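Read through the structure below, which is laid out as structure tokens, and then see the notes.
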Protein chains: 2
Amino acid sequence: MISKLEMFLALAKERHFGRAAESLGVTQPTLSTGIKQLEAQLGVQLVRRGSRFGGLTPEGQRALTWARRIVGDTRRLREEMRFSREGLAGHLRLAVIPTALTWASRLAAGFSARHPRVDFTILSRNSEDILKMLENLETDAGVSYLDNEPLGRVSTAEMYRESYTLVSTPDHPLADRDEISWADLGGTRLCLLTPDMQNRRIINKAFMDAGIAPVAQMESNSTVVLVSHVASGGWATILPGHLAEFLATGHGLAITPIRQEVEGHAIGLVAPYQEPHTPVLEALLREAAAMSRD
Amino acid sequence: MISKLEMFLALAKERHFGRAAESLGVTQPTLSTGIKQLEAQLGVQLVRRGSRFGGLTPEGQRALTWARRIVGDTRRLREEMRFSREGLAGHLRLAVIPTALTWASRLAAGFSARHPRVDFTILSRNSEDILKMLENLETDAGVSYLDNEPLGRVSTAEMYRESYTLVSTPDHPLADRDEISWADLGGTRLCLLTPDMQNRRIINKAFMDAGIAPVAQMESNSTVVLVSHVASGGWATILPGHLAEFLATGHGLAITPIRQEVEGHAIGLVAPYQEPHTPVLEALLREAAAMSRD
DNA sequence: CCATCATGATAGGCAAACCCTATCGAACCG
DNA sequence: CGGTTCGATAGGGTTTGCCTATCATGATGG
């Protein structure tokens with residue numbers, strides 16, 4: 001039964017019988033009959049079929065929600081038992097927004113020091129993808145904005161709050177100011193994250209609130225690109241303070257704080273909501289919460 | 001896998017291999033190997049074994065929580081698919097505190113009128129048992145106090161608030177008063193519910209607050225017994241107003257309201273918390289919430 | 001101290017389920 | 001119309017599941 005549900009999840013994700021089968025390491029006929037049996041057991045059609053995959057039926061959509069929960073909880077059960085057998089050990093997958101990568105790395109390093117037998121995969125993703133990955137069981141936890149988008153059923157632990165800085169070459173007209181405001185940035189040639197990043201949308205909003213239009217003449221989904229462009233001259237970018245410091249050191253760049261009217265957006269760990277949590281997630285949430293107190 | 005988890009649930013409940021097997025309709029060796037396989041798959045021992053069942057290990061306790069969720073969600077998945085196939089039809093099990101039985105019956109009757117193909121089992125239980133039954137998947141929903149005990153992870157819909165009355169023979173010294181207070185009941189020979197019922201504990205507390213000691217000379221877990229004792233003469237009992245009216249009519253008994261200082265305890269539907277709910281539970285919760293507005 | 005009982009584990013055999021390879025049939029594409 | 005993609009179906013070997021029968025171990029009691 002559970003293996004059928006896993007097949008169903010794979011099919012819903014891949015939207016293709018062959019690829020779904022391959023992703024599970026079974027052949028296409030196996031998956032095909034598996035789905036058919038699942039439909040027979042539940043007594044409803046889950047998948048629309050023509051001569052190819054035609055999407056889920058409404059019942060299929062509904063069943064998908066339950067399947068995710070059941071399969072997710074089963075994996076968590078297994079994981080938890082493995083932990084009680086081997087102690088905190090295994091693999092943790094983290095999906096992180098680009099501007100929080102240094103914090104995620106600190107989080108993982110700290111956790112790793114305490115629990116040396118846990119290893120990590122850290123992926124850079126935008127905040128929307130992170131939520132999708134949590135839903136699809138493709139990541140164990142995320143690091144993202146906590147207060148800005150509907151997060152759904154998740155547990156969170158705040159790690160820090162963002163404040164922004166202008167990163168520029170020292171000869172930039174604003175570079176020697178102690179502090180600037182968003183409005184000061186009116187004519188600056190900027191290099192910013194792509195609009196699928198929430199950070200970019202926050203910056204856009206800050207510009208709008210200041211009554212000026214954003215002028216992103218160069219976009220990237222990587223903060224490394226932003227800073228290397230700034231270093232190559234003629235550009236400036238806006239980054240959270242901690243990240244600016246990390247990336248700009250050694251390149252002879254100037255960092256100028258931008259005045260903040262309200263408290264910055266909270267950033268922290270996001271994990272699928274469960275009662276109870278597995279021991280690793282519990283420990284990771286504690287570790288993340290501890291960082292905010294430093 | 002899921003069938004193994006069901007075996008594990010049955011074993012945890014029965015605490016006996018043979019009976020657990022019987023309750024599932026399999027033989028004892030089947031269940032025995034099933035548990036053994038589950039332990040092998042999870043890599044931990046779940047059950048302590050001597051020559052007989054020796055309780056769950058700590059890992060087993062932990063696994064039990066997950067197993068309940070996984071098996072419960074699987075049943076809900078099946079149920080929901082059945083509903084999308086056949087419409088609202090099937091069987092709904094309700095566990096109800098004795099003093100709310102008439103309301104539960106109204107709830108079920110109203111629901112039944114709207115959804116004729118759903119039938120009911122209504123069991124009278126104390127509030128503690130109701131929570132246990134919800135946990136063990138032995139009932140689909142309960143009707144109980146909402147504001148008094150830790151309810152755990154449940155959804156609720158308030159139906160009404162209790163107010164108490166004295167039920168007595170007309171010759172009782174308090175019977176002709178418009179309203180009495182708890183303190184007035186000092187010397188009365190009372191017939192009350194057993195102390196495992198929360199209603200009784202509430203009454204005890206009311207007496208304590210009024211500075212008098214409860215004098216229950218006759219106890220029962222059935223309100224029918226209470227009222228029939230009152231009718232047989234020489235006794236009085238305390239019941240929620242609605243129930244007093246229902247049970248006392250036709251027996252020539254007097255009903256005297258007891259003055260209430262604060263708003264009465266909320267009573268309502270209690271269902272396992274899930275996101276999303278199954279269609280039946282959704283409908284039942286709506287039906288229950290609607291009753292409070294009448 | 002031995003006979004009996006209760007309880008769970010183990011062995012052997014049969015049936016069902018599972019998953020593979022091979023193949024088919026329908027839609028789509030140039 | 002020939003080629004290609006995609007999912008369904010058929011047949012067969014292997015595995016799993018469940019049953020009956022039996023065994024091993026403590027507890028119970030005379």
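Identifiers in this document derive from the order of the structure tokens: chains are assigned A, B, ..., residues are numbered from 1 separately in each chain, and ligands are numbered from 1 in order of occurrence.
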
Quick one: which chain A residues come within 10 Å of chain D, and what is the nearest atom pair for each with the distance in Å to one decimal, counting only C-alpha atoms (C1' of nucleotides), rows ordered by chain and ascending number, as CSV?
```
residue,atom,partner,partner_atom,distance
A:His16,CA,D:DC6,C1',8.7
A:Phe17,CA,D:DG7,C1',7.4
A:Gly18,CA,D:DC6,C1',8.0
A:Gln28,CA,D:DG7,C1',8.4
A:Pro29,CA,D:DA8,C1',8.0
A:Ser32,CA,D:DG7,C1',7.7
A:Thr33,CA,D:DA8,C1',8.8
A:Arg49,CA,D:DG7,C1',8.7
A:Gly50,CA,D:DG7,C1',8.7
A:Ser51,CA,D:DG7,C1',6.3
A:Arg52,CA,D:DC6,C1',5.7
A:Phe53,CA,D:DG7,C1',8.1
```

task = Could you find all residues in segment 201-230 of chain B that DSSP calls alpha helix (DSSP H) from the backbone, and write them as a count of residues only?
result = 17

note = note - atom CA of Cys191 of chain B and atom CA of Met133 of chain B are separated by 28.1 Å

request  = Check the DSSP output for the backbone and give back, as a ChimeraX atom specification, the residues of segment 149-247 of chain A in strand (DSSP E or B).
outcome  = /A:154-161,164-168,180,190-193,216-220,236-240

Restricted to C-alpha atoms, what would the selected residues look like written as a PDB file, in the first residue's frame?
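Saved the output as result.pdb:
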```
ATOM      1  CA  VAL A 154       5.345  24.273   8.895  1.00  0.00           C
ATOM      2  CA  SER A 155       7.350  24.702  12.069  1.00  0.00           C
ATOM      3  CA  THR A 156       9.740  27.623  12.155  1.00  0.00           C
ATOM      4  CA  ALA A 157      12.665  28.887  14.193  1.00  0.00           C
ATOM      5  CA  GLU A 158      13.798  32.468  13.633  1.00  0.00           C
ATOM      6  CA  MET A 159      17.529  32.885  13.093  1.00  0.00           C
ATOM      7  CA  TYR A 160      18.043  36.591  12.355  1.00  0.00           C
ATOM      8  CA  ARG A 161      16.540  39.688  10.764  1.00  0.00           C
ATOM      9  CA  TYR A 164      20.312  45.992   3.865  1.00  0.00           C
ATOM     10  CA  THR A 165      23.487  47.649   2.662  1.00  0.00           C
ATOM     11  CA  LEU A 166      24.709  49.154  -0.565  1.00  0.00           C
ATOM     12  CA  VAL A 167      27.780  47.442  -1.963  1.00  0.00           C
ATOM     13  CA  SER A 168      29.771  49.599  -4.387  1.00  0.00           C
ATOM     14  CA  ILE A 180      21.922  56.309   3.202  1.00  0.00           C
ATOM     15  CA  LEU A 190      22.109  48.475  -9.827  1.00  0.00           C
ATOM     16  CA  CYS A 191      22.776  44.808 -10.163  1.00  0.00           C
ATOM     17  CA  LEU A 192      20.098  42.787  -8.324  1.00  0.00           C
ATOM     18  CA  LEU A 193      18.724  39.321  -7.817  1.00  0.00           C
ATOM     19  CA  ALA A 216      18.124  46.883 -12.159  1.00  0.00           C
ATOM     20  CA  GLN A 217      20.293  46.885 -15.222  1.00  0.00           C
ATOM     21  CA  MET A 218      21.777  43.558 -14.422  1.00  0.00           C
ATOM     22  CA  GLU A 219      20.075  40.556 -12.838  1.00  0.00           C
ATOM     23  CA  SER A 220      21.258  37.224 -11.567  1.00  0.00           C
ATOM     24  CA  ALA A 236      26.424  48.694  -7.241  1.00  0.00           C
ATOM     25  CA  THR A 237      24.210  46.119  -5.541  1.00  0.00           C
ATOM     26  CA  ILE A 238      22.068  45.797  -2.444  1.00  0.00           C
ATOM     27  CA  LEU A 239      22.675  42.932  -0.073  1.00  0.00           C
ATOM     28  CA  PRO A 240      21.895  41.989   3.518  1.00  0.00           C
TER      29      PRO A 240
END
```

message = Please identify all residues of chain B having at least one atom at most 10 Å from any atom of chain A, considering only C-alpha atoms, and return them as an MDAnalysis selection string.
response = chainID B and resid 1:3 39 41:46 58:60 62:67 69:74 76:86 153 275:276

Only N, CA and C atoms, please: the residues just picked out, written as a tab-separated table (two decimals), in the first residue's frame.
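What landed in out-v7.tsv:
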```tsv
chain	number	residue	atom	x	y	z
B	1	MET	N	3.44	-2.99	4.50
B	1	MET	CA	3.95	-2.09	5.53
B	1	MET	C	2.82	-1.56	6.40
B	2	ILE	N	1.78	-1.04	5.76
B	2	ILE	CA	0.68	-0.49	6.55
B	2	ILE	C	0.00	-1.58	7.34
B	3	SER	N	-0.11	-2.77	6.74
B	3	SER	CA	-0.78	-3.85	7.49
B	3	SER	C	0.06	-4.22	8.71
B	39	GLU	N	9.82	-4.96	13.05
B	39	GLU	CA	11.03	-4.65	13.83
B	39	GLU	C	12.27	-4.75	12.95
B	41	GLN	N	12.44	-4.31	9.68
B	41	GLN	CA	12.46	-3.20	8.72
B	41	GLN	C	12.89	-1.91	9.39
B	42	LEU	N	12.45	-1.69	10.62
B	42	LEU	CA	12.80	-0.45	11.30
B	42	LEU	C	14.15	-0.56	12.00
B	43	GLY	N	14.61	-1.80	12.14
B	43	GLY	CA	15.92	-1.98	12.74
B	43	GLY	C	15.95	-1.78	14.24
B	44	VAL	N	14.79	-1.77	14.88
B	44	VAL	CA	14.76	-1.63	16.34
B	44	VAL	C	13.76	-2.61	16.93
B	45	GLN	N	13.97	-2.95	18.20
B	45	GLN	CA	12.99	-3.79	18.87
B	45	GLN	C	11.86	-2.90	19.37
B	46	LEU	N	10.65	-3.30	19.07
B	46	LEU	CA	9.49	-2.49	19.47
B	46	LEU	C	8.81	-3.07	20.70
B	58	PRO	N	10.85	1.76	24.69
B	58	PRO	CA	10.71	3.19	24.45
B	58	PRO	C	10.57	3.50	22.96
B	59	GLU	N	11.37	2.81	22.12
B	59	GLU	CA	11.24	3.00	20.68
B	59	GLU	C	9.84	2.61	20.23
B	60	GLY	N	9.33	1.54	20.81
B	60	GLY	CA	7.99	1.09	20.46
B	60	GLY	C	6.95	2.16	20.78
B	62	ARG	N	7.39	5.34	20.91
B	62	ARG	CA	7.59	6.41	19.95
B	62	ARG	C	7.00	6.01	18.59
B	63	ALA	N	7.27	4.79	18.20
B	63	ALA	CA	6.76	4.30	16.91
B	63	ALA	C	5.24	4.26	16.92
B	64	LEU	N	4.67	3.98	18.10
B	64	LEU	CA	3.22	3.88	18.21
B	64	LEU	C	2.56	5.19	17.78
B	65	THR	N	3.14	6.31	18.20
B	65	THR	CA	2.59	7.61	17.82
B	65	THR	C	2.54	7.76	16.30
B	66	TRP	N	3.65	7.42	15.67
B	66	TRP	CA	3.69	7.53	14.21
B	66	TRP	C	2.72	6.55	13.57
B	67	ALA	N	2.70	5.34	14.10
B	67	ALA	CA	1.84	4.32	13.50
B	67	ALA	C	0.38	4.77	13.54
B	69	ARG	N	-0.73	7.77	13.50
B	69	ARG	CA	-0.96	8.81	12.49
B	69	ARG	C	-1.04	8.21	11.10
B	70	ILE	N	-0.11	7.31	10.81
B	70	ILE	CA	-0.04	6.77	9.46
B	70	ILE	C	-1.29	5.94	9.17
B	71	VAL	N	-1.64	5.06	10.11
B	71	VAL	CA	-2.82	4.22	9.88
B	71	VAL	C	-4.08	5.07	9.84
B	72	GLY	N	-4.16	6.05	10.74
B	72	GLY	CA	-5.34	6.93	10.75
B	72	GLY	C	-5.48	7.67	9.44
B	73	ASP	N	-4.40	8.26	8.97
B	73	ASP	CA	-4.47	9.00	7.72
B	73	ASP	C	-4.82	8.09	6.56
B	74	THR	N	-4.32	6.87	6.59
B	74	THR	CA	-4.63	5.94	5.51
B	74	THR	C	-6.14	5.64	5.50
B	76	ARG	N	-8.42	7.54	6.64
B	76	ARG	CA	-9.13	8.75	6.20
B	76	ARG	C	-9.04	8.90	4.69
B	77	LEU	N	-7.89	8.55	4.13
B	77	LEU	CA	-7.77	8.58	2.67
B	77	LEU	C	-8.81	7.67	2.03
B	78	ARG	N	-8.87	6.44	2.52
B	78	ARG	CA	-9.83	5.49	1.96
B	78	ARG	C	-11.26	6.02	2.09
B	79	GLU	N	-11.55	6.51	3.30
B	79	GLU	CA	-12.89	7.00	3.57
B	79	GLU	C	-13.24	8.13	2.62
B	80	GLU	N	-12.31	9.04	2.49
B	80	GLU	CA	-12.59	10.19	1.64
B	80	GLU	C	-12.84	9.78	0.20
B	81	MET	N	-12.06	8.82	-0.28
B	81	MET	CA	-12.27	8.35	-1.65
B	81	MET	C	-13.62	7.66	-1.78
B	82	ARG	N	-13.99	6.94	-0.73
B	82	ARG	CA	-15.29	6.29	-0.78
B	82	ARG	C	-16.39	7.34	-0.87
B	83	PHE	N	-16.21	8.44	-0.17
B	83	PHE	CA	-17.23	9.48	-0.20
B	83	PHE	C	-17.31	10.13	-1.56
B	84	SER	N	-16.16	10.33	-2.19
B	84	SER	CA	-16.22	10.98	-3.49
B	84	SER	C	-16.81	10.02	-4.51
B	85	ARG	N	-16.83	8.72	-4.15
B	85	ARG	CA	-17.40	7.72	-5.05
B	85	ARG	C	-18.90	7.61	-4.83
B	86	GLU	N	-19.28	7.54	-3.57
B	86	GLU	CA	-20.67	7.20	-3.25
B	86	GLU	C	-21.44	8.36	-2.65
B	153	ARG	N	-4.49	17.19	20.19
B	153	ARG	CA	-4.59	17.64	18.80
B	153	ARG	C	-5.95	17.30	18.22
B	275	GLU	N	-5.60	18.21	8.70
B	275	GLU	CA	-5.69	19.22	7.67
B	275	GLU	C	-5.42	18.53	6.36
B	276	PRO	N	-6.35	18.30	5.49
B	276	PRO	CA	-7.74	18.71	5.61
B	276	PRO	C	-8.58	17.68	6.34
```

Give one line per residue of chain C that approaches chain A to at most 7 Å, naming the two atoms of the closest pair and their distance in Å to one decimal, counting only C-alpha atoms (C1' of nucleotides); sort by chain then ascending residue number and deliver it as a tab-separated table.
```
residue	atom	partner	partner_atom	distance
C:DC19	C1'	A:Thr30	CA	6.3
C:DA26	C1'	A:Ser51	CA	6.1
C:DA27	C1'	A:Ser51	CA	6.2
```

task = May I have the residues within 9 Å of Phe246 of chain A as a ChimeraX atom specification, using only C-alpha atoms (C1' of nucleotides) and disregarding those fewer than 4 positions away in the same chain?
result = /A:102,241-242

How would the residues just chosen look if you wrote them out with N, CA and C atoms as a PDB file, in the first residue's frame?
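So the final result, stored in part_36.pdb, reads:
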```pdb
ATOM      1  N   THR A 102      25.145  32.089   3.878  1.00  0.00           N
ATOM      2  CA  THR A 102      26.218  32.094   4.880  1.00  0.00           C
ATOM      3  C   THR A 102      25.678  31.681   6.249  1.00  0.00           C
ATOM      4  N   GLY A 241      23.375  42.884   5.205  1.00  0.00           N
ATOM      5  CA  GLY A 241      24.660  43.275   5.768  1.00  0.00           C
ATOM      6  C   GLY A 241      25.659  42.151   5.924  1.00  0.00           C
ATOM      7  N   HIS A 242      25.245  41.064   6.522  1.00  0.00           N
ATOM      8  CA  HIS A 242      26.178  39.972   6.790  1.00  0.00           C
ATOM      9  C   HIS A 242      26.765  39.413   5.504  1.00  0.00           C
TER      10      HIS A 242
END
```

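Shortest atom-to-atom contact with Ala210 of chain A among A:Leu146, A:Ala271, A:Ala183, A:Leu38: A:Ala183, counting only C-alpha atoms.
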
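For the atom pair formed by atom CA of Ala10 of chain A and atom CA of Ala40 of chain A, the distance is 18.4 Å, given to one decimal.
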
remark   = Taken to one decimal, the atom CA of Thr139 of chain A-atom CA of Leu11 of chain A distance is 18.1 Å

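Omitting Trp182 of chain A and its sequence neighbours fewer than 6 positions away, and counting only C-alpha atoms (C1' of nucleotides), the residues within 7 Å are Ala206, Phe207, Ala210 and Ile258 of chain A.
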